[in-house]
>>> print(open('entry.tsv').read())   # TSV, N, CA, C and O atoms
chain	number	residue	atom	x	y	z
A	1	PRO	N	8.99	-20.29	-27.50
A	1	PRO	CA	9.99	-20.35	-28.56
A	1	PRO	C	10.68	-18.99	-28.75
A	1	PRO	O	10.03	-17.95	-28.64
A	2	LEU	N	11.96	-19.04	-29.05
A	2	LEU	CA	12.71	-17.82	-29.32
A	2	LEU	C	12.52	-17.44	-30.79
A	2	LEU	O	12.25	-18.30	-31.63
A	3	PRO	N	12.68	-16.17	-31.12
A	3	PRO	CA	12.42	-15.72	-32.49
A	3	PRO	C	13.50	-16.14	-33.50
A	3	PRO	O	13.30	-16.02	-34.69
A	4	SER	N	14.62	-16.64	-33.00
A	4	SER	CA	15.73	-16.99	-33.88
A	4	SER	C	16.65	-17.99	-33.18
A	4	SER	O	16.73	-18.01	-31.95
A	5	ASP	N	17.36	-18.79	-33.96
A	5	ASP	CA	18.38	-19.67	-33.40
A	5	ASP	C	19.72	-18.95	-33.26
A	5	ASP	O	20.64	-19.47	-32.64
A	6	ASP	N	19.83	-17.77	-33.86
A	6	ASP	CA	21.05	-16.98	-33.80
A	6	ASP	C	21.06	-16.17	-32.50
A	6	ASP	O	20.22	-15.29	-32.31
A	7	PRO	N	21.98	-16.47	-31.57
A	7	PRO	CA	22.00	-15.77	-30.28
A	7	PRO	C	22.06	-14.25	-30.41
A	7	PRO	O	21.45	-13.54	-29.61
A	8	ALA	N	22.75	-13.74	-31.41
A	8	ALA	CA	22.83	-12.30	-31.59
A	8	ALA	C	21.47	-11.68	-31.91
A	8	ALA	O	21.16	-10.58	-31.49
A	9	ARG	N	20.63	-12.42	-32.61
A	9	ARG	CA	19.30	-11.90	-32.99
A	9	ARG	C	18.28	-12.04	-31.86
A	9	ARG	O	17.31	-11.30	-31.83
A	10	VAL	N	18.50	-12.98	-30.96
A	10	VAL	CA	17.57	-13.16	-29.85
A	10	VAL	C	17.48	-11.90	-29.00
A	10	VAL	O	16.43	-11.56	-28.48
A	11	TYR	N	18.59	-11.17	-28.90
A	11	TYR	CA	18.65	-9.98	-28.05
A	11	TYR	C	18.37	-8.68	-28.80
A	11	TYR	O	18.58	-7.61	-28.25
A	12	GLU	N	17.91	-8.74	-30.03
A	12	GLU	CA	17.65	-7.52	-30.79
A	12	GLU	C	16.42	-6.80	-30.24
A	12	GLU	O	15.37	-7.40	-30.02
A	13	TYR	N	16.57	-5.50	-30.03
A	13	TYR	CA	15.44	-4.66	-29.67
A	13	TYR	C	15.73	-3.24	-30.15
A	13	TYR	O	16.87	-2.87	-30.39
A	14	HIS	N	14.67	-2.44	-30.30
A	14	HIS	CA	14.82	-1.12	-30.89
A	14	HIS	C	14.34	0.00	-29.98
A	14	HIS	O	14.67	1.16	-30.21
A	15	ASP	N	13.55	-0.35	-28.99
A	15	ASP	CA	13.04	0.65	-28.06
A	15	ASP	C	12.67	-0.07	-26.76
A	15	ASP	O	12.88	-1.28	-26.63
A	16	MET	N	12.16	0.66	-25.81
A	16	MET	CA	11.86	0.07	-24.51
A	16	MET	C	10.79	-1.03	-24.62
A	16	MET	O	10.88	-2.07	-23.97
A	17	ALA	N	9.80	-0.82	-25.45
A	17	ALA	CA	8.73	-1.82	-25.60
A	17	ALA	C	9.29	-3.12	-26.17
A	17	ALA	O	8.96	-4.21	-25.68
A	18	SER	N	10.13	-3.04	-27.18
A	18	SER	CA	10.69	-4.27	-27.75
A	18	SER	C	11.72	-4.89	-26.80
A	18	SER	O	11.89	-6.11	-26.78
A	19	PHE	N	12.41	-4.07	-25.99
A	19	PHE	CA	13.30	-4.62	-24.97
A	19	PHE	C	12.51	-5.45	-23.97
A	19	PHE	O	12.93	-6.54	-23.57
A	20	MET	N	11.35	-4.94	-23.55
A	20	MET	CA	10.54	-5.67	-22.58
A	20	MET	C	10.04	-7.00	-23.15
A	20	MET	O	9.94	-7.99	-22.43
A	21	VAL	N	9.75	-7.05	-24.43
A	21	VAL	CA	9.35	-8.31	-25.07
A	21	VAL	C	10.49	-9.32	-24.98
A	21	VAL	O	10.30	-10.48	-24.60
A	22	VAL	N	11.71	-8.87	-25.31
A	22	VAL	CA	12.89	-9.74	-25.24
A	22	VAL	C	13.12	-10.18	-23.79
A	22	VAL	O	13.33	-11.36	-23.52
A	23	PHE	N	13.06	-9.24	-22.86
A	23	PHE	CA	13.29	-9.53	-21.45
A	23	PHE	C	12.28	-10.55	-20.92
A	23	PHE	O	12.63	-11.52	-20.25
A	24	GLU	N	11.02	-10.36	-21.24
A	24	GLU	CA	9.97	-11.28	-20.79
A	24	GLU	C	10.14	-12.66	-21.42
A	24	GLU	O	9.96	-13.68	-20.76
A	25	ARG	N	10.47	-12.70	-22.69
A	25	ARG	CA	10.65	-13.98	-23.39
A	25	ARG	C	11.80	-14.77	-22.76
A	25	ARG	O	11.68	-15.96	-22.49
A	26	LEU	N	12.92	-14.10	-22.53
A	26	LEU	CA	14.07	-14.78	-21.94
A	26	LEU	C	13.80	-15.17	-20.49
A	26	LEU	O	14.21	-16.25	-20.04
A	27	SER	N	13.10	-14.33	-19.74
A	27	SER	CA	12.76	-14.66	-18.36
A	27	SER	C	11.89	-15.91	-18.30
A	27	SER	O	12.09	-16.77	-17.44
A	28	ALA	N	10.96	-16.03	-19.22
A	28	ALA	CA	10.06	-17.19	-19.25
A	28	ALA	C	10.78	-18.47	-19.63
A	28	ALA	O	10.30	-19.57	-19.36
A	29	SER	N	11.97	-18.35	-20.24
A	29	SER	CA	12.70	-19.55	-20.66
A	29	SER	C	13.50	-20.18	-19.51
A	29	SER	O	14.01	-21.28	-19.65
A	30	LEU	N	13.59	-19.49	-18.39
A	30	LEU	CA	14.29	-20.03	-17.21
A	30	LEU	C	13.25	-20.73	-16.35
A	30	LEU	O	12.44	-20.08	-15.70
A	31	VAL	N	13.27	-22.06	-16.35
A	31	VAL	CA	12.15	-22.79	-15.76
A	31	VAL	C	12.53	-23.74	-14.61
A	31	VAL	O	11.67	-24.37	-14.04
A	32	SER	N	13.83	-23.82	-14.30
A	32	SER	CA	14.21	-24.75	-13.23
A	32	SER	C	15.29	-24.11	-12.36
A	32	SER	O	15.99	-23.19	-12.79
A	33	PRO	N	15.42	-24.60	-11.13
A	33	PRO	CA	16.52	-24.09	-10.28
A	33	PRO	C	17.88	-24.28	-10.94
A	33	PRO	O	18.77	-23.43	-10.78
A	34	ASP	N	18.04	-25.35	-11.70
A	34	ASP	CA	19.31	-25.59	-12.40
A	34	ASP	C	19.62	-24.48	-13.41
A	34	ASP	O	20.78	-24.13	-13.62
A	35	ASP	N	18.58	-23.93	-14.05
A	35	ASP	CA	18.80	-22.81	-14.97
A	35	ASP	C	19.44	-21.64	-14.24
A	35	ASP	O	20.39	-21.02	-14.72
A	36	PHE	N	18.92	-21.33	-13.06
A	36	PHE	CA	19.44	-20.21	-12.29
A	36	PHE	C	20.81	-20.51	-11.70
A	36	PHE	O	21.67	-19.63	-11.62
A	37	ALA	N	21.03	-21.75	-11.32
A	37	ALA	CA	22.36	-22.13	-10.81
A	37	ALA	C	23.40	-21.97	-11.92
A	37	ALA	O	24.50	-21.43	-11.69
A	38	ARG	N	23.07	-22.40	-13.11
A	38	ARG	CA	24.03	-22.32	-14.22
A	38	ARG	C	24.33	-20.86	-14.59
A	38	ARG	O	25.49	-20.48	-14.78
A	39	ILE	N	23.29	-20.04	-14.70
A	39	ILE	CA	23.49	-18.64	-15.06
A	39	ILE	C	24.32	-17.93	-14.00
A	39	ILE	O	25.24	-17.17	-14.31
A	40	THR	N	24.01	-18.17	-12.74
A	40	THR	CA	24.76	-17.53	-11.65
A	40	THR	C	26.22	-17.96	-11.69
A	40	THR	O	27.14	-17.13	-11.63
A	41	TYR	N	26.44	-19.25	-11.79
A	41	TYR	CA	27.80	-19.78	-11.82
A	41	TYR	C	28.60	-19.21	-13.00
A	41	TYR	O	29.72	-18.73	-12.84
A	42	GLU	N	28.00	-19.27	-14.18
A	42	GLU	CA	28.71	-18.81	-15.37
A	42	GLU	C	28.99	-17.31	-15.33
A	42	GLU	O	30.04	-16.85	-15.78
A	43	ALA	N	28.07	-16.54	-14.77
A	43	ALA	CA	28.30	-15.09	-14.64
A	43	ALA	C	29.48	-14.81	-13.72
A	43	ALA	O	30.31	-13.93	-14.00
A	44	LEU	N	29.58	-15.56	-12.64
A	44	LEU	CA	30.68	-15.36	-11.70
A	44	LEU	C	32.01	-15.84	-12.29
A	44	LEU	O	33.03	-15.16	-12.16
A	45	VAL	N	32.00	-16.97	-12.95
A	45	VAL	CA	33.23	-17.48	-13.58
A	45	VAL	C	33.69	-16.53	-14.69
A	45	VAL	O	34.88	-16.19	-14.76
A	46	ASP	N	32.78	-16.08	-15.53
A	46	ASP	CA	33.15	-15.15	-16.60
A	46	ASP	C	33.74	-13.86	-16.04
A	46	ASP	O	34.74	-13.35	-16.55
A	47	ALA	N	33.14	-13.33	-14.99
A	47	ALA	CA	33.64	-12.09	-14.39
A	47	ALA	C	35.04	-12.30	-13.81
A	47	ALA	O	35.92	-11.45	-13.97
A	48	ALA	N	35.25	-13.41	-13.16
A	48	ALA	CA	36.57	-13.68	-12.57
A	48	ALA	C	37.63	-13.87	-13.64
A	48	ALA	O	38.76	-13.39	-13.50
A	49	ARG	N	37.28	-14.52	-14.73
A	49	ARG	CA	38.24	-14.77	-15.81
A	49	ARG	C	38.56	-13.51	-16.62
A	49	ARG	O	39.70	-13.29	-17.00
A	50	THR	N	37.55	-12.72	-16.89
A	50	THR	CA	37.74	-11.60	-17.81
A	50	THR	C	38.16	-10.31	-17.13
A	50	THR	O	38.74	-9.44	-17.78
A	51	SER	N	37.88	-10.16	-15.85
A	51	SER	CA	38.21	-8.89	-15.22
A	51	SER	C	38.73	-9.04	-13.79
A	51	SER	O	38.78	-8.06	-13.05
A	52	ASN	N	39.08	-10.24	-13.40
A	52	ASN	CA	39.67	-10.47	-12.09
A	52	ASN	C	38.77	-9.99	-10.94
A	52	ASN	O	39.25	-9.48	-9.93
A	53	VAL	N	37.47	-10.11	-11.11
A	53	VAL	CA	36.50	-9.69	-10.10
A	53	VAL	C	36.58	-10.64	-8.91
A	53	VAL	O	36.61	-11.85	-9.07
A	54	VAL	N	36.61	-10.08	-7.72
A	54	VAL	CA	36.59	-10.90	-6.51
A	54	VAL	C	35.30	-10.69	-5.71
A	54	VAL	O	35.02	-11.42	-4.76
A	55	TYR	N	34.52	-9.69	-6.07
A	55	TYR	CA	33.23	-9.43	-5.43
A	55	TYR	C	32.28	-8.93	-6.50
A	55	TYR	O	32.65	-8.09	-7.32
A	56	ARG	N	31.07	-9.43	-6.49
A	56	ARG	CA	30.10	-9.01	-7.50
A	56	ARG	C	28.71	-9.02	-6.90
A	56	ARG	O	28.33	-9.97	-6.23
A	57	GLU	N	27.98	-7.95	-7.14
A	57	GLU	CA	26.57	-7.90	-6.76
A	57	GLU	C	25.74	-8.18	-8.01
A	57	GLU	O	26.01	-7.63	-9.07
A	58	MET	N	24.76	-9.04	-7.85
A	58	MET	CA	23.89	-9.38	-8.97
A	58	MET	C	22.45	-9.16	-8.52
A	58	MET	O	22.11	-9.38	-7.37
A	59	PHE	N	21.62	-8.73	-9.44
A	59	PHE	CA	20.23	-8.44	-9.15
A	59	PHE	C	19.34	-9.31	-10.01
A	59	PHE	O	19.70	-9.66	-11.12
A	60	LEU	N	18.17	-9.64	-9.48
A	60	LEU	CA	17.22	-10.40	-10.27
A	60	LEU	C	15.81	-9.99	-9.90
A	60	LEU	O	15.55	-9.58	-8.78
A	61	ASN	N	14.94	-10.08	-10.88
A	61	ASN	CA	13.54	-9.75	-10.69
A	61	ASN	C	12.74	-11.03	-10.81
A	61	ASN	O	12.61	-11.59	-11.89
A	62	PRO	N	12.21	-11.53	-9.70
A	62	PRO	CA	11.52	-12.82	-9.74
A	62	PRO	C	10.11	-12.78	-10.32
A	62	PRO	O	9.50	-13.82	-10.52
A	63	THR	N	9.60	-11.60	-10.65
A	63	THR	CA	8.19	-11.51	-11.04
A	63	THR	C	7.88	-12.08	-12.42
A	63	THR	O	6.73	-12.39	-12.69
A	64	LEU	N	8.85	-12.21	-13.29
A	64	LEU	CA	8.57	-12.67	-14.66
A	64	LEU	C	8.90	-14.13	-14.90
A	64	LEU	O	8.74	-14.62	-16.01
A	65	HIS	N	9.36	-14.83	-13.88
A	65	HIS	CA	9.76	-16.21	-14.06
A	65	HIS	C	8.63	-17.15	-13.64
A	65	HIS	O	7.93	-16.89	-12.67
A	66	PRO	N	8.44	-18.23	-14.37
A	66	PRO	CA	7.37	-19.16	-14.03
A	66	PRO	C	7.67	-19.99	-12.78
A	66	PRO	O	6.81	-20.71	-12.28
A	67	LEU	N	8.87	-19.89	-12.26
A	67	LEU	CA	9.31	-20.69	-11.13
A	67	LEU	C	8.93	-20.00	-9.81
A	67	LEU	O	9.05	-18.78	-9.70
A	68	PRO	N	8.51	-20.74	-8.80
A	68	PRO	CA	8.27	-20.12	-7.49
A	68	PRO	C	9.56	-19.48	-6.96
A	68	PRO	O	10.66	-19.98	-7.19
A	69	TYR	N	9.42	-18.35	-6.27
A	69	TYR	CA	10.55	-17.59	-5.79
A	69	TYR	C	11.50	-18.46	-4.97
A	69	TYR	O	12.72	-18.38	-5.12
A	70	ARG	N	10.96	-19.30	-4.13
A	70	ARG	CA	11.79	-20.17	-3.28
A	70	ARG	C	12.71	-21.06	-4.13
A	70	ARG	O	13.89	-21.24	-3.82
A	71	ASP	N	12.18	-21.64	-5.19
A	71	ASP	CA	12.96	-22.51	-6.08
A	71	ASP	C	13.99	-21.71	-6.88
A	71	ASP	O	15.12	-22.15	-7.08
A	72	LEU	N	13.57	-20.52	-7.33
A	72	LEU	CA	14.47	-19.66	-8.06
A	72	LEU	C	15.67	-19.28	-7.19
A	72	LEU	O	16.82	-19.41	-7.62
A	73	LEU	N	15.41	-18.87	-5.96
A	73	LEU	CA	16.48	-18.50	-5.05
A	73	LEU	C	17.37	-19.69	-4.69
A	73	LEU	O	18.59	-19.54	-4.55
A	74	ALA	N	16.80	-20.86	-4.59
A	74	ALA	CA	17.59	-22.06	-4.32
A	74	ALA	C	18.60	-22.31	-5.44
A	74	ALA	O	19.75	-22.68	-5.19
A	75	GLY	N	18.19	-22.07	-6.68
A	75	GLY	CA	19.11	-22.21	-7.80
A	75	GLY	C	20.23	-21.19	-7.75
A	75	GLY	O	21.39	-21.52	-7.98
A	76	VAL	N	19.90	-19.95	-7.44
A	76	VAL	CA	20.92	-18.90	-7.38
A	76	VAL	C	21.94	-19.19	-6.27
A	76	VAL	O	23.13	-19.06	-6.48
A	77	THR	N	21.46	-19.59	-5.12
A	77	THR	CA	22.39	-19.84	-4.01
A	77	THR	C	23.14	-21.14	-4.16
A	77	THR	O	24.20	-21.32	-3.54
A	78	ASP	N	22.63	-22.05	-4.95
A	78	ASP	CA	23.32	-23.31	-5.20
A	78	ASP	C	24.63	-23.07	-5.89
A	78	ASP	O	25.65	-23.63	-5.62
>>> encode(input="entry.tsv", output="structure tokens")
Amino acid sequence: PLPSDDPARVYEYHDMASFMVVFERLSASLVSPDDFARITYEALVDAARTSNVVYREMFLNPTLHPLPYRDLLAGVTD
């Protein structure tokens, strides 16, 4: 469960330790390849719309997600 229904409050942190709590909580909420497909797609669409990006490098850390790496990568490449 997230600490709040308010999206602005979900990302609140005050130091590195509280940032890691937020990061781990959000990472654990991505549980299916479709989650990763949606995030990847929306990040690319938003970048193209807001800043005319034609190339983008994105990074991900698979160690905090409950999904097997193979499934996670399948969602990203989808």
>>> select_by_dssp(input="entry.tsv", residues="chain A", states="helix (DSSP H, G or I)", output="number ranges by chain")
A: 7-10, 16-28, 33-51, 62-64, 69-77
>>> residues_around(input="entry.tsv", residues="region 41-58 of chain A", least_positions_apart="5", cutoff="7 Å", atoms="all atoms listed in the file", output="list in words")
Asp35, Phe36, Gly75 and Val76 of chain A
>>> atom_distance(input="entry.tsv", atom1="atom N of Pro7 (chain A)", atom2="atom C of Arg25 (chain A)")
13.6 Å
>>> axis_aligned_box(input="entry.tsv", around="region 56-72 of chain A", padding_each_side="6 Å", output="lines of an AutoDock Vina configuration file")
center_x = 18.9
center_y = -15.1
center_z = -9.6
size_x = 36.3
size_y = 26.9
size_z = 24.7
>>> atom_distance(input="entry.tsv", atom1="atom O of Arg38 (chain A)", atom2="atom C of Asp15 (chain A)")
26.9 Å
>>> atom_distance(input="entry.tsv", atom1="CA of Ser4 (chain A)", atom2="atom N of Phe59 (chain A)")
26.5 Å
>>> closest_residue(input="entry.tsv", among="A:Leu64, A:Asp6, A:Thr40, A:Pro1", to="Phe23 (chain A)", atoms="all atoms listed in the file")
A:Leu64
>>> closest_residue(input="entry.tsv", among="A:Asp5, A:Glu24, A:Val10, A:Ser32", to="Asp71 (chain A)", atoms="all atoms listed in the file")
A:Ser32
>>> closest_residue(input="entry.tsv", among="A:Pro66, A:Ser18, A:Tyr13, A:Ala8", to="Leu30 (chain A)", atoms="all atoms listed in the file")
A:Pro66
